[in-house]
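Asker: Next up is a structure, given as structure tokens.
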Protein chains: 2
Amino acid sequence: MTNETKHSLMLEVGQRARKAARALARAQSSAKNQALMTLARKIRQQHAAVAAANALDLEKAREHNYPESFIDRLTVSSKVLETMAAGCEQIAQLPDPVGEISDMHVQPSGIRVGRMRVPLGVLGIIYESRPNVTVDAAALAVKSGNAAILRGGSEAFETNRILGQMVREALSESGLPKDAVQTAPVADRDFVGEMIRARGLIDVIIPRGGKSLIARLKNESLIEMIHHLDGICHTYVDADADLDMAVSVVDNAKTQRYSPCNATETLLVHEAVLESFLPRIGTVFQEKGVEMRCDAKSLAVLDAAGIAAVEAAQQDWDTEYNAPVISIASVESLDAAIDFIAEHGSNHTDAIITNDLTAAERFLREVDSGSVMVNCSTRLADGFEYGLGAEIGISTGKLHARGPVGLEGLTSLKYIVLGHGEGRR
Amino acid sequence: MTNETKHSLMLEVGQRARKAARALARAQSSAKNQALMTLARKIRQQHAAVAAANALDLEKAREHNYPESFIDRLTVSSKVLETMAAGCEQIAQLPDPVGEISDMHVQPSGIRVGRMRVPLGVLGIIYESRPNVTVDAAALAVKSGNAAILRGGSEAFETNRILGQMVREALSESGLPKDAVQTAPVADRDFVGEMIRARGLIDVIIPRGGKSLIARLKNESLIEMIHHLDGICHTYVDADADLDMAVSVVDNAKTQRYSPCNATETLLVHEAVLESFLPRIGTVFQEKGVEMRCDAKSLAVLDAAGIAAVEAAQQDWDTEYNAPVISIASVESLDAAIDFIAEHGSNHTDAIITNDLTAAERFLREVDSGSVMVNCSTRLADGFEYGLGAEIGISTGKLHARGPVGLEGLTSLKYIVLGHGEGRR
């Protein structure tokens with residue numbers, strides 16, 4: 001396929017999306033919810049067709065000898081299908097953010113000024129070979145009144161195509177434009193390049209995937225992105241921490257699951273509690289097979305307690321392990337902890353364990369991350385745990401949306417002004 | 001100066017800004033307000049020094065034979081100085097948005113989740129040779145807790161330098177880091193290129209200037225921007241409009257001033273009132289010397305009324321005149337008006353004149369612009385008219401901030417989470 005063909009395909013898809021976006025922006029909540037409920041029903045009813053399409057993708061993936069973890073993510077089991085369907089129903093139950101009016105006030109000129117929440121327009125969602133994202137992202141887009149162009153990993157092309165088809169049927173049957181959700185028309189990887197240059201057709205690019213993909217898109221995209229780069233999360237155990245709580249929270253933050261972006265990668269410990277706290281959590285980590293990479297003072301304390309640990313290399317402080325490995329540094333003060341996070345953190349999620357109110361307040365205010373926590377696990381940084389009801393991803397950007405992004409993050413506020421003939425003086 | 005020198009200058013400036021931003025983010029309102037009041041006092045006291053620096057810039061500008069309008073904008077008269085000083089005092093009086101906590105609620109896990117308003121970090125503000133922007137932008141940055149790197153037009157280099165120096169003194173004297181506001185260290189235009197690539201040092205680029213500058217920055221910037229591209233504003237006179245009001249509002253929207261971005265460039269008139277309304281506003285425009293560029297139906301009505309007008313060319317519907325020229329098109333319905341604006345508008349400001357509640361509600365909801373108005377002049381799209389108390393600019397983007405951007409637009413919301421030892425299950 002030539003570059004020109006891909007470009008004109010993008011134009012067609014984009015123009016259809018643009019038009020559908022306008023219809024979806026003014027759609028009633030009831031129609032959007034009906035589409036989501038219909039989609040849930042279809043997913044459950046048409047499981048055989050999805051399985052057949054998925055089998056084609058899986059066969060190719062096996063031919064290419066993709067690793068088992070990849071095959072796992074690509075597989076749409078009946079359990080995965082049920083989770084997709086239930087997700088649609090759950091999103092249908094959420095309040096519709098679109099059209100909400102706030103801050104209405106009268107100005108001296110006589111005009112009334114307020115703000116109305118409106119969809120962003122057309123979302124370009126780029127993700128790996130996880131077919132469940134196709135349904136999740138479609139449902140979030142529809143509910144928030146946005147059109148979406150979905151470009152999943154090419155290895156899931158057949159599965160995504162049939163899931164996309166079901167979304168489009170559900171939209172049509174609910175009186176909504178089917179072009180509000182389109183999957184990439186070609187498996188070709190270059191279509192991503194077309195999407196990130198489709199200014200005027202796509203309003204925001206939302207990538208979900210590995211760091212290298214996102215870093216590349218960030219460099220090349222001509223369109224604004226809601227994205228998540230690194231998840232180098234810290235938990236700081238303060239001098240005034242409840243040490244039982246600290247052990248339990250740090251254990252959860254690191255070991256409840258190793259792969260998520262909100263798992264703690266670096267433990268900071270105030271020197272005052274280094275000896276009383278570190279051997280306790282070190283024992284837990286040792287039992288669970290978590291490798292500890294330490295600064296000199298931490299290492300000495302663990303050594304003295306007979307707990308195996310290694311010296312951290314400089315790059316460890318800037319590494320997202322997503323694995324049973326943790327960096328451990330001692331700090332001499334709250335200020336040193338905040339400085340450390342400013343230097344090595346990734347604006348994702350950072351927590352303090354303390355009973356000192358002033359320390360908690362300073363940490364909350366001064367740590368510049370999407371989520372800043374006191375006395376709980378960084379693993380709780382999540383749209384569902386925050387009550388958003390759904391999550392398209394977590395943003396480490398500082399504009400628009402920070403932290404977990406739900407329906408509200410897929411909308412913005414425009415000004416509305418009601419007058420009686422007023423003009424500028 | 002070599003590219004490497006410029007690059008390392010940017011690094012130095014950026015790292016100082018980054019550090020100062022952290023201090024400013026945690027600064028108390030009283031210190032920030034004191035800095036602004038001190039700055040106002042300095043501006044009034046040191047008018048002679050500013051005038052001397054401004055004279056150097058003006059002399060060069062005259063040598064280069066810049067047009068009189070350019071010289072006007074570059075000139076810092078005592079009136080301009082007083083406006084700057086009063087602006088600082090006004091911004092000092094505004095509520096501090098930083099640290100505000102909202103949406104605090106308890107989740108089933110036991111954690112309390114809320115949001116805290118925080119500064120964006122380091123603003124990179126790029127503008128033309130209007131020295132008043134140096135003080136305005138510095139004052140807005142300081143109040144919103146952001147550091148700023150200010151790069152004004154090179155023709156105003158000396159004036160900006162002395163104004164920047166006064167800002168830095170005012171910060172120092174109020175116990176705040178003077179590096180929170182830095183002006184570009186060199187007049188070289190390439191410094192702009194360094195700024196828009198300084199990812200990790202600058203959090204947002206805010207350009208203020210001509211369309212060509214902004215279009216270029218939009219293509220080249222590696223950093224997110226709050227910006228305003230086109231101001232192609234529409235006023236639509238509906239079938240149910242109060243025609244007296246329509247004449248008065250459209251007159252104001254077009255002629256109160258021609259150059260601002262929120263002046264109406266296109267008048268849409270429902271066919272039902274074309275004959276009753278168009279000759280009335282046409283007479284006003286003719287008297288004021290406003291050229292009318294019309295579609296066939298509008299032209300026929302004006303012709304019949306003996307009012308001089310010309311046929312519009314296709315590109316007129318997409319043109320921001322900023323001049324005594326208006327495009328006029330007839331539309332057969334509200335839908336056609338909304339479609340027209342979707343096709344030719346610039347997401348800036350659009351207004352409907354109507355007494356029909358349904359038409360007003362549909363227009364408000366369906367027109368996708370930063371400001372959408374009913375029965376008033378598009379010229380009212382302004383931070384001061386909206387009660388923001390100040391304005392760094394108007395955004396035509398759809399993410400983060402839409403319409404006039406005040407202090408709130410220079411901040412974002414992070415999540416704060418308060419727990420009691422909770423972990424993820």
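Ordering of the structure tokens sets the chain letters (A, B, ...); residue numbers start at 1 within each chain; ligands are numbered from 1 in the order shown.
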Tell me, as a CSV table (one decimal) with N, CA and C atoms, in the first residue's frame, which residues lie within 12 Å of Glu4 of chain B, counting only C-alpha atoms; anything in the same chain fewer than 4 positions away does not count.
Answerer:
```
chain,number,residue,atom,x,y,z
B,8,SER,N,23.1,25.9,25.5
B,8,SER,CA,23.5,25.8,26.9
B,8,SER,C,22.9,27.0,27.7
B,9,LEU,N,22.7,28.1,27.0
B,9,LEU,CA,22.0,29.2,27.7
B,9,LEU,C,20.6,28.8,28.1
B,10,MET,N,19.9,28.2,27.2
B,10,MET,CA,18.5,27.7,27.4
B,10,MET,C,18.5,26.7,28.6
B,11,LEU,N,19.5,25.8,28.6
B,11,LEU,CA,19.6,24.9,29.7
B,11,LEU,C,19.8,25.6,31.1
B,190,ASP,N,16.7,32.8,17.4
B,190,ASP,CA,16.7,31.3,17.6
B,190,ASP,C,16.5,30.9,19.0
B,191,PHE,N,16.5,31.8,19.9
B,191,PHE,CA,16.2,31.4,21.3
B,191,PHE,C,14.8,30.8,21.4
B,194,GLU,N,15.0,27.2,20.8
B,194,GLU,CA,15.5,26.5,21.9
B,194,GLU,C,14.4,26.3,23.0
```
Asker: Residues of chain A that have any atom at most 6 Å from an atom of chain B: could you tabulate them with the shortest-distance atom pair and the distance in Å to one decimal, using only C-alpha atoms, ordered by chain and increasing number, as a Markdown table?
Answerer:
```
| residue | atom | partner | partner_atom | distance |
| --- | --- | --- | --- | --- |
| A:Met245 | CA | B:Gly421 | CA | 5.4 |
| A:Val249 | CA | B:Gly421 | CA | 5.9 |
| A:Asn252 | CA | B:Gly423 | CA | 5.7 |
| A:Gly370 | CA | B:Lys414 | CA | 4.9 |
| A:Ser371 | CA | B:Tyr415 | CA | 4.6 |
| A:Val372 | CA | B:Ile416 | CA | 4.9 |
| A:Met373 | CA | B:Val417 | CA | 4.6 |
| A:Val374 | CA | B:Leu418 | CA | 4.9 |
| A:Asn375 | CA | B:Gly419 | CA | 4.9 |
| A:Cys376 | CA | B:Glu422 | CA | 4.8 |
| A:Ser377 | CA | B:Gly423 | CA | 4.8 |
| A:Arg379 | CA | B:Arg424 | CA | 5.8 |
| A:Leu380 | CA | B:Arg424 | CA | 5.7 |
| A:Leu399 | CA | B:His400 | CA | 5.8 |
| A:His400 | CA | B:His400 | CA | 3.7 |
| A:Arg402 | CA | B:Lys414 | CA | 5.6 |
| A:Lys414 | CA | B:Gly370 | CA | 4.9 |
| A:Tyr415 | CA | B:Ser371 | CA | 4.6 |
| A:Ile416 | CA | B:Val372 | CA | 4.9 |
| A:Val417 | CA | B:Met373 | CA | 4.6 |
| A:Leu418 | CA | B:Val374 | CA | 4.9 |
| A:Gly419 | CA | B:Asn375 | CA | 4.9 |
| A:His420 | CA | B:Asn375 | CA | 5.4 |
| A:Gly421 | CA | B:Cys376 | CA | 4.8 |
| A:Glu422 | CA | B:Cys376 | CA | 4.8 |
| A:Gly423 | CA | B:Ser377 | CA | 4.9 |
| A:Arg424 | CA | B:Leu380 | CA | 5.7 |
```
Asker: Skipping near chain neighbours, those fewer than 6 positions away, what residues fall within 10 Å of Gln90 of chain B using only C-alpha atoms, listed as a VMD selection string?
Answerer: chain B and resid 33 36 to 37 40 84 139 389 to 390
Asker: Please produce a file of the residues just selected, as a PDB file, in the first residue's frame, where the atoms kept are N, CA and C atoms.
Answerer:
```pdb
ATOM      1  N   ASN B  33       1.566  38.245  46.582  1.00  0.00           N
ATOM      2  CA  ASN B  33       0.877  39.535  46.452  1.00  0.00           C
ATOM      3  C   ASN B  33       1.805  40.699  46.766  1.00  0.00           C
ATOM      4  N   LEU B  36       3.877  41.498  43.835  1.00  0.00           N
ATOM      5  CA  LEU B  36       3.137  42.225  42.795  1.00  0.00           C
ATOM      6  C   LEU B  36       2.944  43.691  43.165  1.00  0.00           C
ATOM      7  N   MET B  37       2.673  43.952  44.451  1.00  0.00           N
ATOM      8  CA  MET B  37       2.505  45.339  44.886  1.00  0.00           C
ATOM      9  C   MET B  37       3.849  46.079  44.807  1.00  0.00           C
ATOM     10  N   ALA B  40       4.485  46.966  41.243  1.00  0.00           N
ATOM     11  CA  ALA B  40       3.694  48.132  40.828  1.00  0.00           C
ATOM     12  C   ALA B  40       4.382  49.424  41.276  1.00  0.00           C
ATOM     13  N   MET B  84       0.327  49.180  33.380  1.00  0.00           N
ATOM     14  CA  MET B  84       1.086  48.015  33.870  1.00  0.00           C
ATOM     15  C   MET B  84       1.021  47.931  35.396  1.00  0.00           C
ATOM     16  N   ALA B 139       3.285  38.983  36.054  1.00  0.00           N
ATOM     17  CA  ALA B 139       2.367  39.097  37.192  1.00  0.00           C
ATOM     18  C   ALA B 139       1.427  37.886  37.255  1.00  0.00           C
ATOM     19  N   GLY B 389     -10.669  38.453  35.897  1.00  0.00           N
ATOM     20  CA  GLY B 389      -9.799  39.405  36.569  1.00  0.00           C
ATOM     21  C   GLY B 389      -8.511  39.668  35.832  1.00  0.00           C
ATOM     22  N   ALA B 390      -8.191  38.817  34.878  1.00  0.00           N
ATOM     23  CA  ALA B 390      -6.953  38.951  34.115  1.00  0.00           C
ATOM     24  C   ALA B 390      -7.022  37.945  32.982  1.00  0.00           C
TER      25      ALA B 390
END
```
Asker: Considering only alpha helix (DSSP H) as DSSP defines it on the backbone, what residues of segment 131-254 of chain B qualify? List them as a PyMOL selection string.
Answerer: chain B and resi 131-143+157-173+190-195+211-220+243-254
Asker: Which neighbours of Glu169 of chain A fall inside 12 Å, counting only C-alpha atoms, when residues of the same chain fewer than 3 positions from it are skipped, and could you give them as a list in words?
Answerer: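 Close residues of Glu169 of chain A: Gln34, Ala35, Leu36, Thr38, Leu39, Ala40, Arg41, Lys42, Ile43, Ile162, Leu163, Gly164, Gln165, Met166, Ser172, Glu173, Ser174, Gly175, Leu176, Pro177, Lys178, Asp179, Ala180, Val181 and Gln182 of chain A.
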Asker: Generate the output file for the selected residues, N, CA and C atoms, as a PDB file, in the first residue's frame.
Answerer:
```pdb
ATOM      1  N   GLN A  34     -28.159   3.340  25.636  1.00  0.00           N
ATOM      2  CA  GLN A  34     -28.770   2.214  24.922  1.00  0.00           C
ATOM      3  C   GLN A  34     -27.720   1.532  24.039  1.00  0.00           C
ATOM      4  N   ALA A  35     -26.913   2.323  23.371  1.00  0.00           N
ATOM      5  CA  ALA A  35     -25.863   1.748  22.519  1.00  0.00           C
ATOM      6  C   ALA A  35     -24.914   0.880  23.349  1.00  0.00           C
ATOM      7  N   LEU A  36     -24.573   1.335  24.556  1.00  0.00           N
ATOM      8  CA  LEU A  36     -23.647   0.570  25.394  1.00  0.00           C
ATOM      9  C   LEU A  36     -24.277  -0.733  25.884  1.00  0.00           C
ATOM     10  N   THR A  38     -26.703  -2.327  24.341  1.00  0.00           N
ATOM     11  CA  THR A  38     -26.811  -3.180  23.151  1.00  0.00           C
ATOM     12  C   THR A  38     -25.467  -3.844  22.858  1.00  0.00           C
ATOM     13  N   LEU A  39     -24.410  -3.086  22.984  1.00  0.00           N
ATOM     14  CA  LEU A  39     -23.072  -3.627  22.743  1.00  0.00           C
ATOM     15  C   LEU A  39     -22.772  -4.769  23.713  1.00  0.00           C
ATOM     16  N   ALA A  40     -23.122  -4.571  24.985  1.00  0.00           N
ATOM     17  CA  ALA A  40     -22.885  -5.623  25.988  1.00  0.00           C
ATOM     18  C   ALA A  40     -23.616  -6.901  25.580  1.00  0.00           C
ATOM     19  N   ARG A  41     -24.869  -6.726  25.133  1.00  0.00           N
ATOM     20  CA  ARG A  41     -25.671  -7.892  24.735  1.00  0.00           C
ATOM     21  C   ARG A  41     -25.018  -8.599  23.543  1.00  0.00           C
ATOM     22  N   LYS A  42     -24.605  -7.811  22.563  1.00  0.00           N
ATOM     23  CA  LYS A  42     -23.978  -8.388  21.366  1.00  0.00           C
ATOM     24  C   LYS A  42     -22.701  -9.156  21.718  1.00  0.00           C
ATOM     25  N   ILE A  43     -21.913  -8.568  22.605  1.00  0.00           N
ATOM     26  CA  ILE A  43     -20.661  -9.234  22.977  1.00  0.00           C
ATOM     27  C   ILE A  43     -20.953 -10.612  23.555  1.00  0.00           C
ATOM     28  N   ILE A 162     -13.854  -7.340  14.247  1.00  0.00           N
ATOM     29  CA  ILE A 162     -15.200  -7.831  14.565  1.00  0.00           C
ATOM     30  C   ILE A 162     -15.767  -7.109  15.789  1.00  0.00           C
ATOM     31  N   LEU A 163     -14.917  -6.802  16.757  1.00  0.00           N
ATOM     32  CA  LEU A 163     -15.399  -6.053  17.927  1.00  0.00           C
ATOM     33  C   LEU A 163     -15.852  -4.653  17.484  1.00  0.00           C
ATOM     34  N   GLY A 164     -15.062  -4.030  16.616  1.00  0.00           N
ATOM     35  CA  GLY A 164     -15.428  -2.711  16.091  1.00  0.00           C
ATOM     36  C   GLY A 164     -16.749  -2.773  15.349  1.00  0.00           C
ATOM     37  N   GLN A 165     -16.946  -3.851  14.590  1.00  0.00           N
ATOM     38  CA  GLN A 165     -18.185  -4.019  13.849  1.00  0.00           C
ATOM     39  C   GLN A 165     -19.386  -4.091  14.801  1.00  0.00           C
ATOM     40  N   MET A 166     -19.209  -4.783  15.917  1.00  0.00           N
ATOM     41  CA  MET A 166     -20.287  -4.889  16.904  1.00  0.00           C
ATOM     42  C   MET A 166     -20.591  -3.525  17.522  1.00  0.00           C
ATOM     43  N   SER A 172     -25.650   2.075  15.481  1.00  0.00           N
ATOM     44  CA  SER A 172     -26.699   2.204  14.467  1.00  0.00           C
ATOM     45  C   SER A 172     -28.062   1.854  15.040  1.00  0.00           C
ATOM     46  N   GLU A 173     -28.114   0.751  15.767  1.00  0.00           N
ATOM     47  CA  GLU A 173     -29.398   0.285  16.308  1.00  0.00           C
ATOM     48  C   GLU A 173     -29.943   1.232  17.365  1.00  0.00           C
ATOM     49  N   SER A 174     -29.077   2.116  17.873  1.00  0.00           N
ATOM     50  CA  SER A 174     -29.526   3.071  18.889  1.00  0.00           C
ATOM     51  C   SER A 174     -29.721   4.465  18.300  1.00  0.00           C
ATOM     52  N   GLY A 175     -29.710   4.526  16.975  1.00  0.00           N
ATOM     53  CA  GLY A 175     -29.963   5.814  16.321  1.00  0.00           C
ATOM     54  C   GLY A 175     -28.761   6.741  16.324  1.00  0.00           C
ATOM     55  N   LEU A 176     -27.579   6.189  16.567  1.00  0.00           N
ATOM     56  CA  LEU A 176     -26.363   7.015  16.568  1.00  0.00           C
ATOM     57  C   LEU A 176     -25.522   6.671  15.338  1.00  0.00           C
ATOM     58  N   PRO A 177     -24.682   7.603  14.887  1.00  0.00           N
ATOM     59  CA  PRO A 177     -23.894   7.339  13.679  1.00  0.00           C
ATOM     60  C   PRO A 177     -22.843   6.259  13.920  1.00  0.00           C
ATOM     61  N   LYS A 178     -22.834   5.247  13.084  1.00  0.00           N
ATOM     62  CA  LYS A 178     -21.884   4.142  13.292  1.00  0.00           C
ATOM     63  C   LYS A 178     -20.445   4.611  13.142  1.00  0.00           C
ATOM     64  N   ASP A 179     -20.237   5.675  12.363  1.00  0.00           N
ATOM     65  CA  ASP A 179     -18.872   6.167  12.171  1.00  0.00           C
ATOM     66  C   ASP A 179     -18.298   6.859  13.406  1.00  0.00           C
ATOM     67  N   ALA A 180     -19.082   6.928  14.458  1.00  0.00           N
ATOM     68  CA  ALA A 180     -18.543   7.480  15.706  1.00  0.00           C
ATOM     69  C   ALA A 180     -17.421   6.598  16.240  1.00  0.00           C
ATOM     70  N   VAL A 181     -17.433   5.327  15.898  1.00  0.00           N
ATOM     71  CA  VAL A 181     -16.309   4.456  16.269  1.00  0.00           C
ATOM     72  C   VAL A 181     -15.829   3.729  15.015  1.00  0.00           C
ATOM     73  N   GLN A 182     -14.581   3.939  14.680  1.00  0.00           N
ATOM     74  CA  GLN A 182     -13.986   3.237  13.541  1.00  0.00           C
ATOM     75  C   GLN A 182     -12.683   2.595  13.991  1.00  0.00           C
TER      76      GLN A 182
END
```
Asker: What's the separation between atom CA of Ala52 of chain B and atom CA of Thr159 of chain B, in Å to one decimal place?
Answerer: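 Atom-to-atom, atom CA of Ala52 of chain B and atom CA of Thr159 of chain B are spaced 8.5 Å apart.
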Asker: Using DSSP secondary structure from the backbone, list all strand (DSSP E) positions within segment 14-257 of chain B, as an MDAnalysis selection string.
Answerer: chainID B and resid 101:106 112:119 122:127 147:151 181:183 204:208 233:237
Asker: For C-alpha atoms, I'd like the residues from the last selection saved as an mmCIF file, in the first residue's frame.
Answerer:
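So the final result, stored in selection-v1.cif, reads:
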```
data_model
loop_
_atom_site.group_PDB
_atom_site.id
_atom_site.type_symbol
_atom_site.label_atom_id
_atom_site.label_comp_id
_atom_site.auth_asym_id
_atom_site.auth_seq_id
_atom_site.Cartn_x
_atom_site.Cartn_y
_atom_site.Cartn_z
ATOM 1 C CA ILE B 101 -9.043 21.515 47.269
ATOM 2 C CA SER B 102 -12.243 20.208 45.694
ATOM 3 C CA ASP B 103 -14.314 17.065 45.160
ATOM 4 C CA MET B 104 -13.095 15.427 48.377
ATOM 5 C CA HIS B 105 -15.001 12.188 48.875
ATOM 6 C CA VAL B 106 -14.608 8.834 50.615
ATOM 7 C CA ARG B 112 -10.460 9.984 50.835
ATOM 8 C CA VAL B 113 -9.853 11.237 47.292
ATOM 9 C CA GLY B 114 -9.923 14.852 46.170
ATOM 10 C CA ARG B 115 -8.211 17.274 43.870
ATOM 11 C CA MET B 116 -5.802 20.083 44.551
ATOM 12 C CA ARG B 117 -5.203 22.985 42.208
ATOM 13 C CA VAL B 118 -1.484 23.373 41.475
ATOM 14 C CA PRO B 119 0.665 25.504 39.158
ATOM 15 C CA VAL B 122 7.452 26.681 34.096
ATOM 16 C CA LEU B 123 5.690 28.786 31.474
ATOM 17 C CA GLY B 124 7.501 29.725 28.262
ATOM 18 C CA ILE B 125 5.837 32.882 27.009
ATOM 19 C CA ILE B 126 6.676 34.044 23.510
ATOM 20 C CA TYR B 127 5.361 37.381 22.302
ATOM 21 C CA ALA B 147 7.912 30.341 36.969
ATOM 22 C CA ALA B 148 8.137 32.052 33.590
ATOM 23 C CA ILE B 149 10.667 32.463 30.837
ATOM 24 C CA LEU B 150 9.657 35.520 28.863
ATOM 25 C CA ARG B 151 10.778 35.944 25.302
ATOM 26 C CA VAL B 181 10.843 35.255 36.158
ATOM 27 C CA GLN B 182 13.590 35.424 33.572
ATOM 28 C CA THR B 183 13.635 37.305 30.305
ATOM 29 C CA VAL B 204 3.832 24.858 28.539
ATOM 30 C CA ILE B 205 4.501 27.298 25.739
ATOM 31 C CA ILE B 206 2.154 30.274 25.542
ATOM 32 C CA PRO B 207 2.640 32.214 22.328
ATOM 33 C CA ARG B 208 0.999 35.562 21.802
ATOM 34 C CA CYS B 233 -16.059 34.658 14.785
ATOM 35 C CA HIS B 234 -19.653 34.405 13.565
ATOM 36 C CA THR B 235 -22.832 36.137 14.580
ATOM 37 C CA TYR B 236 -25.981 34.362 13.429
ATOM 38 C CA VAL B 237 -29.234 36.331 13.287
#
```
Asker: Within 12 Å of Thr266 of chain A, counting only C-alpha atoms, which residues show up once you throw out same-chain ones fewer than 5 positions away? Write them as an MDAnalysis selection string, please.
Answerer: chainID A and resid 231:237 250 253:254 291:295 312 316:322 324:330 337 340:341 344:346 349:351 378
Asker: Between A:Gly145, A:Val76, A:Ala85, A:Ser333, which is the closest to Asn160 of chain A once you count only C-alpha atoms?
Answerer: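 Of the candidates, the smallest distance to Asn160 of chain A is held by A:Val76.
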